[in-house]
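**Student:** Below you'll find the structure I mean.
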Amino acid sequence: MLAVTNLYAFPWDPTRGVFNQQQFARLAELVDLTVLVPVPWPDALRRRRELRAARCDRAARERVDYFVFWYLPGVGRSLNGAFMLASLLLQRAGTVLRGDWHCLLGSWAFPDAVAVAALGKIARIPVVAKVHGTDINVYLDEPLKRMQIAVALRACRRVVAVSRALGARLEGIGVPVDRIAIIHNGVDPARFHPVDRAAARLACGLAPQERVVLYVGNLLASKGCLDLVEAVGLLRDRGTLVRLVLVGSGADQAAIDLRIEALGLGDQVLRPGRLAHEALSGWFGATDLFCLASHAEGVPNVVLEAMACGTPVVATDVGGVREVLPAFAGRTVPPREPSRLAEALAASLAEPWDRARIVEHARGFDWADSARRLRDVIAEACA
């Protein structure tokens with residue numbers, strides 16, 4: 001099987017697309033898997049030495065190769081499906097057209113699955129697409145992308161969605177319901193599990209008695225980071241002091257820092273930066289609550305990881321969040337409403353959560369099972 005996805009590690013960013021890395025590593029135990037990863041040309045030019053050294057040089061069961069994704073910036077982005085197809089054919093035609101592939105997988109609707117669907121027609125190979133969240137929830141609102149995504153996904157033998165909410169949106173663009181498979185992501189219990197709370201707080205530099213709210217992810221306005229900062233400010237104004245920990249980096253971190261400063265929250269916010277995936281368990285274990293205030297999601301893996309550590313979650317009611325977050329494990333609130341978010345955080349900080357029950361619930365989301373189900377969908381598509 002040949003997979004094409006931008007949601008995968010770059011040599012200089014090993015945490016990129018970590019959910020795909022985990023699922024594909026287990027899938028590679030079941031099928032002969034090669035992963036082609038497009039690298040945007042500005043990054044490829046800046047990092048050409050690292051990229052050249054990394055090609056086909058990973059100590060994993062799956063074989064991973066990188067190709068340069070050439071495209072026109074700005075308005076040309078609506079043509080990225082065609083640009084990715086051209087980039088693939090120009091650089092990896094031998095790999096694609098002369099390989100003995102039973103199936104092609106495009107993981108991310110646009111441009112990846114759009115390009116792979118066209119490639120499947122050219123090479124006469126069955127295609128499976130996998131969609132994740134923003135690639136459907138946001139891109140379908142852009143007419144040019146919506147048209148291309150709809151045509152491509154309707155041509156696929158199967159389309160895998162990570163939530164029932166995404167599956168419903170696929171039906172709305174004409175993907176036949178019998179071709180849609182819902183496969184939730186998983187969590188690695190060897191990496192995410194309960195830890196000693198006092199020791200974790202000491203290791204993370206947090207005071208034993210302070211109340212701590214954690215966010216892990218890209219620092220983006222679309223991830224609700226500004227809403228979360230506003231909510232912490234509202235809590236402060238209402239007499240509730242919390243320590244906010246923002247783990248990650250991103251395009252909006254400067255704007256977030258400016259808002260933190262404007263609200264006078266500098267002493268309450270800790271920014272450790274982007275951390276290795278395996279380092280997150282200690283932060284989950286040290287915190288009182290995990291909060292994800294995204295404006296749009298599929299099923300965010302970070303919610304599963306928090307629950308696997310026994311950490312209750314406050315999240316916006318978007319995408320498939322409610323499918324995986326029961327009331328005994330957290331609360332959901334509407335997106336873009338900092339006041340409602342502040343109320344949910346205050347109520348959750350006062351609630352005596354059954355952390356053992358939260359951990360047990362998270363164990364139902366297993367990467368090995370997720371990979372087996374994906375293998376079965378691929379086998380059906382090839383039949």
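So you can find residues: chains in the structure tokens are A, B, ... in the order shown, residues in each start at 1, and ligands are numbered from 1 in order.
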Which neighbours of stretch 338-346 of chain A fall inside 8 Å, counting only C-alpha atoms, when residues of the same chain fewer than 5 positions from it are skipped, and could you give them as a list in words?
**Tutor:** Asp227, Leu228, Glu230, Ala231, Val232, Leu234, Leu235, Thr240, Leu289, Ala293, Val314, Arg331, Thr332 and Val333 of chain A
**Student:** Could you take the residues named above and write them with N, CA, C and O atoms, as a compact mmCIF listing (two decimals), in the first residue's frame?
**Tutor:**
# COMPACT_ATOMS: atom_id res chain seq x y z
N ASP A 227 -9.39 32.65 22.97
CA ASP A 227 -10.58 32.47 23.80
C ASP A 227 -10.22 31.95 25.18
O ASP A 227 -10.78 32.37 26.19
N LEU A 228 -9.26 31.03 25.21
CA LEU A 228 -8.83 30.46 26.49
C LEU A 228 -8.14 31.51 27.35
O LEU A 228 -8.38 31.58 28.57
N GLU A 230 -8.70 34.72 27.22
CA GLU A 230 -9.79 35.60 27.69
C GLU A 230 -10.52 34.97 28.87
O GLU A 230 -10.86 35.65 29.85
N ALA A 231 -10.78 33.66 28.79
CA ALA A 231 -11.50 32.97 29.86
C ALA A 231 -10.70 33.01 31.16
O ALA A 231 -11.27 33.20 32.25
N VAL A 232 -9.40 32.83 31.08
CA VAL A 232 -8.55 32.89 32.28
C VAL A 232 -8.59 34.30 32.88
O VAL A 232 -8.61 34.48 34.10
N LEU A 234 -11.14 36.35 32.65
CA LEU A 234 -12.46 36.47 33.29
C LEU A 234 -12.47 35.77 34.64
O LEU A 234 -13.06 36.27 35.61
N LEU A 235 -11.84 34.61 34.73
CA LEU A 235 -11.75 33.90 36.01
C LEU A 235 -11.02 34.75 37.04
O LEU A 235 -11.45 34.85 38.20
N THR A 240 -11.01 33.94 40.79
CA THR A 240 -10.44 32.60 40.69
C THR A 240 -9.13 32.67 39.92
O THR A 240 -9.11 32.97 38.72
N LEU A 289 -6.93 20.38 34.86
CA LEU A 289 -7.83 20.27 33.72
C LEU A 289 -7.04 20.42 32.43
O LEU A 289 -6.06 21.17 32.37
N ALA A 293 -10.24 24.66 23.23
CA ALA A 293 -11.32 25.58 22.87
C ALA A 293 -11.41 25.79 21.36
O ALA A 293 -11.79 26.87 20.89
N VAL A 314 -12.15 20.07 29.46
CA VAL A 314 -13.15 21.05 29.05
C VAL A 314 -12.86 21.38 27.59
O VAL A 314 -11.74 21.78 27.26
N ARG A 331 -16.52 18.46 30.31
CA ARG A 331 -17.63 19.31 29.88
C ARG A 331 -17.37 19.85 28.49
O ARG A 331 -16.22 20.05 28.11
N THR A 332 -18.45 20.11 27.75
CA THR A 332 -18.35 20.79 26.47
C THR A 332 -19.09 22.12 26.54
O THR A 332 -20.07 22.26 27.26
N VAL A 333 -18.57 23.08 25.78
CA VAL A 333 -19.18 24.41 25.72
C VAL A 333 -19.20 24.86 24.26
O VAL A 333 -18.46 24.32 23.43
**Student:** List every residue of stretch 228-335 of chain A that DSSP, applied to the backbone of this structure, assigns to strand (DSSP E or B), and report them as a VMD selection string.
**Tutor:** chain A and resid 243 to 247 269 to 273 289 to 292 313 to 316 330 to 333
**Student:** Need the shell around A:Gly285: protein/DNA/RNA residues with any atom at most 9 Å away, counting only C-alpha atoms. Skip same-chain ones fewer than 6 positions apart. Format as a ChimeraX atom specification?
**Tutor:** /A:193-197,200-201,306,309-311
**Student:** Kindly export the residues of the current selection with C-alpha atoms, as a CSV table (one decimal), in the first residue's frame.
**Tutor:**
chain,number,residue,atom,x,y,z
A,193,HIS,CA,-1.0,6.9,31.5
A,194,PRO,CA,-1.5,8.2,35.1
A,195,VAL,CA,1.6,9.4,36.9
A,196,ASP,CA,2.3,10.5,40.4
A,197,ARG,CA,0.8,14.0,40.7
A,200,ALA,CA,4.8,15.5,38.0
A,201,ARG,CA,4.2,19.0,39.5
A,306,ALA,CA,-5.5,13.7,28.4
A,309,CYS,CA,-3.7,10.2,31.9
A,310,GLY,CA,-6.9,10.6,34.0
A,311,THR,CA,-7.1,14.3,33.3
**Student:** Which residues come within 8 Å of stretch 269-275 of chain A, counting only C-alpha atoms, excluding same-chain residues fewer than 3 positions away, as a PDB file with all heavy atoms, in the first residue's frame?
**Tutor:**
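Here's the written file part_16.pdb:
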ATOM      1  N   ARG A 243      -3.344  28.860  36.978  1.00  0.00           N
ATOM      2  CA  ARG A 243      -2.135  28.873  36.149  1.00  0.00           C
ATOM      3  C   ARG A 243      -2.504  28.260  34.801  1.00  0.00           C
ATOM      4  O   ARG A 243      -3.008  27.130  34.730  1.00  0.00           O
ATOM      5  CB  ARG A 243      -1.036  28.048  36.799  1.00  0.00           C
ATOM      6  CG  ARG A 243       0.135  27.736  35.909  1.00  0.00           C
ATOM      7  CD  ARG A 243       1.099  28.887  35.768  1.00  0.00           C
ATOM      8  NE  ARG A 243       1.881  29.070  36.982  1.00  0.00           N
ATOM      9  CZ  ARG A 243       2.840  29.954  37.116  1.00  0.00           C
ATOM     10  NH1 ARG A 243       3.130  30.760  36.104  1.00  0.00           N
ATOM     11  NH2 ARG A 243       3.506  30.053  38.247  1.00  0.00           N
ATOM     12  N   LEU A 244      -2.290  29.004  33.731  1.00  0.00           N
ATOM     13  CA  LEU A 244      -2.532  28.503  32.384  1.00  0.00           C
ATOM     14  C   LEU A 244      -1.205  28.094  31.775  1.00  0.00           C
ATOM     15  O   LEU A 244      -0.264  28.889  31.714  1.00  0.00           O
ATOM     16  CB  LEU A 244      -3.198  29.579  31.521  1.00  0.00           C
ATOM     17  CG  LEU A 244      -3.393  29.238  30.034  1.00  0.00           C
ATOM     18  CD1 LEU A 244      -4.270  28.013  29.869  1.00  0.00           C
ATOM     19  CD2 LEU A 244      -3.972  30.440  29.279  1.00  0.00           C
ATOM     20  N   VAL A 245      -1.125  26.836  31.311  1.00  0.00           N
ATOM     21  CA  VAL A 245       0.079  26.327  30.655  1.00  0.00           C
ATOM     22  C   VAL A 245      -0.243  26.099  29.184  1.00  0.00           C
ATOM     23  O   VAL A 245      -1.156  25.336  28.851  1.00  0.00           O
ATOM     24  CB  VAL A 245       0.563  25.018  31.303  1.00  0.00           C
ATOM     25  CG1 VAL A 245       1.820  24.519  30.599  1.00  0.00           C
ATOM     26  CG2 VAL A 245       0.819  25.210  32.789  1.00  0.00           C
ATOM     27  N   LEU A 246       0.477  26.792  28.321  1.00  0.00           N
ATOM     28  CA  LEU A 246       0.300  26.656  26.878  1.00  0.00           C
ATOM     29  C   LEU A 246       1.507  25.929  26.301  1.00  0.00           C
ATOM     30  O   LEU A 246       2.587  26.510  26.166  1.00  0.00           O
ATOM     31  CB  LEU A 246       0.164  28.035  26.229  1.00  0.00           C
ATOM     32  CG  LEU A 246      -1.009  28.915  26.689  1.00  0.00           C
ATOM     33  CD1 LEU A 246      -0.906  30.304  26.051  1.00  0.00           C
ATOM     34  CD2 LEU A 246      -2.344  28.269  26.336  1.00  0.00           C
ATOM     35  N   VAL A 247       1.336  24.667  25.963  1.00  0.00           N
ATOM     36  CA  VAL A 247       2.412  23.859  25.395  1.00  0.00           C
ATOM     37  C   VAL A 247       2.258  23.840  23.885  1.00  0.00           C
ATOM     38  O   VAL A 247       1.232  23.397  23.362  1.00  0.00           O
ATOM     39  CB  VAL A 247       2.384  22.423  25.957  1.00  0.00           C
ATOM     40  CG1 VAL A 247       3.408  21.561  25.228  1.00  0.00           C
ATOM     41  CG2 VAL A 247       2.651  22.427  27.445  1.00  0.00           C
ATOM     42  N   GLY A 248       3.264  24.324  23.183  1.00  0.00           N
ATOM     43  CA  GLY A 248       3.220  24.317  21.727  1.00  0.00           C
ATOM     44  C   GLY A 248       3.799  25.591  21.159  1.00  0.00           C
ATOM     45  O   GLY A 248       4.337  26.445  21.867  1.00  0.00           O
ATOM     46  N   SER A 249       3.682  25.716  19.856  1.00  0.00           N
ATOM     47  CA  SER A 249       4.105  26.917  19.148  1.00  0.00           C
ATOM     48  C   SER A 249       3.185  27.065  17.949  1.00  0.00           C
ATOM     49  O   SER A 249       2.430  26.155  17.614  1.00  0.00           O
ATOM     50  CB  SER A 249       5.565  26.822  18.712  1.00  0.00           C
ATOM     51  OG  SER A 249       5.744  25.720  17.828  1.00  0.00           O
ATOM     52  N   ILE A 260      -2.085  38.246  26.337  1.00  0.00           N
ATOM     53  CA  ILE A 260      -1.729  37.907  27.724  1.00  0.00           C
ATOM     54  C   ILE A 260      -1.192  39.144  28.440  1.00  0.00           C
ATOM     55  O   ILE A 260      -1.589  39.439  29.584  1.00  0.00           O
ATOM     56  CB  ILE A 260      -0.683  36.775  27.731  1.00  0.00           C
ATOM     57  CG1 ILE A 260      -1.320  35.450  27.275  1.00  0.00           C
ATOM     58  CG2 ILE A 260      -0.065  36.610  29.116  1.00  0.00           C
ATOM     59  CD1 ILE A 260      -0.315  34.350  26.999  1.00  0.00           C
ATOM     60  N   LEU A 265      -1.861  39.104  32.500  1.00  0.00           N
ATOM     61  CA  LEU A 265      -1.836  37.702  32.925  1.00  0.00           C
ATOM     62  C   LEU A 265      -0.435  37.084  32.860  1.00  0.00           C
ATOM     63  O   LEU A 265      -0.297  35.863  32.993  1.00  0.00           O
ATOM     64  CB  LEU A 265      -2.781  36.865  32.048  1.00  0.00           C
ATOM     65  CG  LEU A 265      -4.275  37.195  32.131  1.00  0.00           C
ATOM     66  CD1 LEU A 265      -5.045  36.391  31.103  1.00  0.00           C
ATOM     67  CD2 LEU A 265      -4.808  36.924  33.533  1.00  0.00           C
ATOM     68  N   GLY A 266       0.571  37.907  32.663  1.00  0.00           N
ATOM     69  CA  GLY A 266       1.922  37.372  32.477  1.00  0.00           C
ATOM     70  C   GLY A 266       2.370  36.453  33.586  1.00  0.00           C
ATOM     71  O   GLY A 266       3.028  35.432  33.341  1.00  0.00           O
ATOM     72  N   ALA A 279       6.994  13.517  26.182  1.00  0.00           N
ATOM     73  CA  ALA A 279       7.143  14.347  27.384  1.00  0.00           C
ATOM     74  C   ALA A 279       5.811  14.877  27.892  1.00  0.00           C
ATOM     75  O   ALA A 279       5.752  15.466  28.983  1.00  0.00           O
ATOM     76  CB  ALA A 279       8.081  15.517  27.101  1.00  0.00           C
ATOM     77  N   LEU A 280       4.729  14.669  27.154  1.00  0.00           N
ATOM     78  CA  LEU A 280       3.458  15.301  27.498  1.00  0.00           C
ATOM     79  C   LEU A 280       2.756  14.632  28.670  1.00  0.00           C
ATOM     80  O   LEU A 280       1.980  15.274  29.388  1.00  0.00           O
ATOM     81  CB  LEU A 280       2.528  15.307  26.285  1.00  0.00           C
ATOM     82  CG  LEU A 280       3.001  16.131  25.083  1.00  0.00           C
ATOM     83  CD1 LEU A 280       2.026  15.977  23.934  1.00  0.00           C
ATOM     84  CD2 LEU A 280       3.168  17.592  25.469  1.00  0.00           C
TER      85      LEU A 280
END
**Student:** Near A:Leu89, within 12 Å and counting only C-alpha atoms, which residues show up once chain neighbours fewer than 4 positions away are dropped, as a PDB file with C-alpha atoms, in the first residue's frame?
**Tutor:**
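Saved result, out-v4.pdb, follows:
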ATOM      1  CA  PHE A  67       9.109  14.815  -2.142  1.00  0.00           C
ATOM      2  CA  VAL A  68       9.010  18.556  -2.776  1.00  0.00           C
ATOM      3  CA  PHE A  69       5.513  20.000  -3.067  1.00  0.00           C
ATOM      4  CA  TRP A  70       5.687  22.756  -5.678  1.00  0.00           C
ATOM      5  CA  ALA A  82      -3.213  19.723  -9.382  1.00  0.00           C
ATOM      6  CA  PHE A  83       0.145  21.000  -8.141  1.00  0.00           C
ATOM      7  CA  MET A  84       0.519  18.046  -5.787  1.00  0.00           C
ATOM      8  CA  LEU A  85      -0.357  15.589  -8.546  1.00  0.00           C
ATOM      9  CA  ALA A  93       6.483   8.566 -11.128  1.00  0.00           C
ATOM     10  CA  GLY A  94       8.640   5.445 -10.932  1.00  0.00           C
ATOM     11  CA  THR A  95       7.584   4.770  -7.354  1.00  0.00           C
ATOM     12  CA  VAL A  96       3.900   5.270  -8.102  1.00  0.00           C
ATOM     13  CA  LEU A  97       3.447   3.883 -11.586  1.00  0.00           C
ATOM     14  CA  ARG A  98       5.901   0.979 -11.486  1.00  0.00           C
ATOM     15  CA  ALA A 115      -4.202  14.412  -5.916  1.00  0.00           C
ATOM     16  CA  VAL A 116      -4.264  10.728  -4.951  1.00  0.00           C
ATOM     17  CA  ALA A 118      -6.486  11.556  -9.747  1.00  0.00           C
ATOM     18  CA  LEU A 119      -3.367   9.430  -9.448  1.00  0.00           C
ATOM     19  CA  GLY A 120      -5.515   6.354  -8.879  1.00  0.00           C
ATOM     20  CA  ILE A 122      -4.124   7.404 -14.052  1.00  0.00           C
ATOM     21  CA  ALA A 123      -2.538   4.271 -12.569  1.00  0.00           C
TER      22      ALA A 123
END
**Student:** Using only C-alpha atoms, tabulate the residues of stretch 136-163 of chain A lying at most 12 Å from any atom of stretch 315-318 of chain A, each with its closest atom pair and that distance in Å to one decimal, by chain and increasing residue number, as CSV.
**Tutor:**
residue,atom,partner,partner_atom,distance
A:Asn137,CA,A:Val318,CA,9.6
A:Val138,CA,A:Val318,CA,12.0
A:Ser163,CA,A:Val318,CA,10.9
**Student:** Stretch 286-329 of chain A: which residues are helix (DSSP H, G or I) by DSSP, as a list in words?
**Tutor:**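 Reading the DSSP output for stretch 286-329 of chain A, helix (DSSP H, G or I) covers Ala286, Asn301, Val302, Val303, Leu304, Glu305, Ala306, Met307, Ala308, Val321, Arg322, Glu323 and Val324 of chain A.
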**Student:** Go ahead and save the picked residues with C-alpha atoms, as a short mmCIF file (atom, residue, chain, number, x, y, z; two decimals), in the first residue's frame.
**Tutor:**
data_model
loop_
_atom_site.label_atom_id
_atom_site.label_comp_id
_atom_site.auth_asym_id
_atom_site.auth_seq_id
_atom_site.Cartn_x
_atom_site.Cartn_y
_atom_site.Cartn_z
CA ALA A 286 0.46 17.55 36.75
CA ASN A 301 -6.18 13.09 19.74
CA VAL A 302 -5.00 15.36 22.52
CA VAL A 303 -8.38 14.89 24.24
CA LEU A 304 -7.90 11.10 24.19
CA GLU A 305 -4.36 11.51 25.51
CA ALA A 306 -5.50 13.74 28.37
CA MET A 307 -8.17 11.23 29.39
CA ALA A 308 -5.68 8.36 29.20
CA VAL A 321 -15.58 15.87 20.52
CA ARG A 322 -18.87 14.83 22.12
CA GLU A 323 -18.49 11.34 20.62
CA VAL A 324 -15.43 10.66 22.79
#
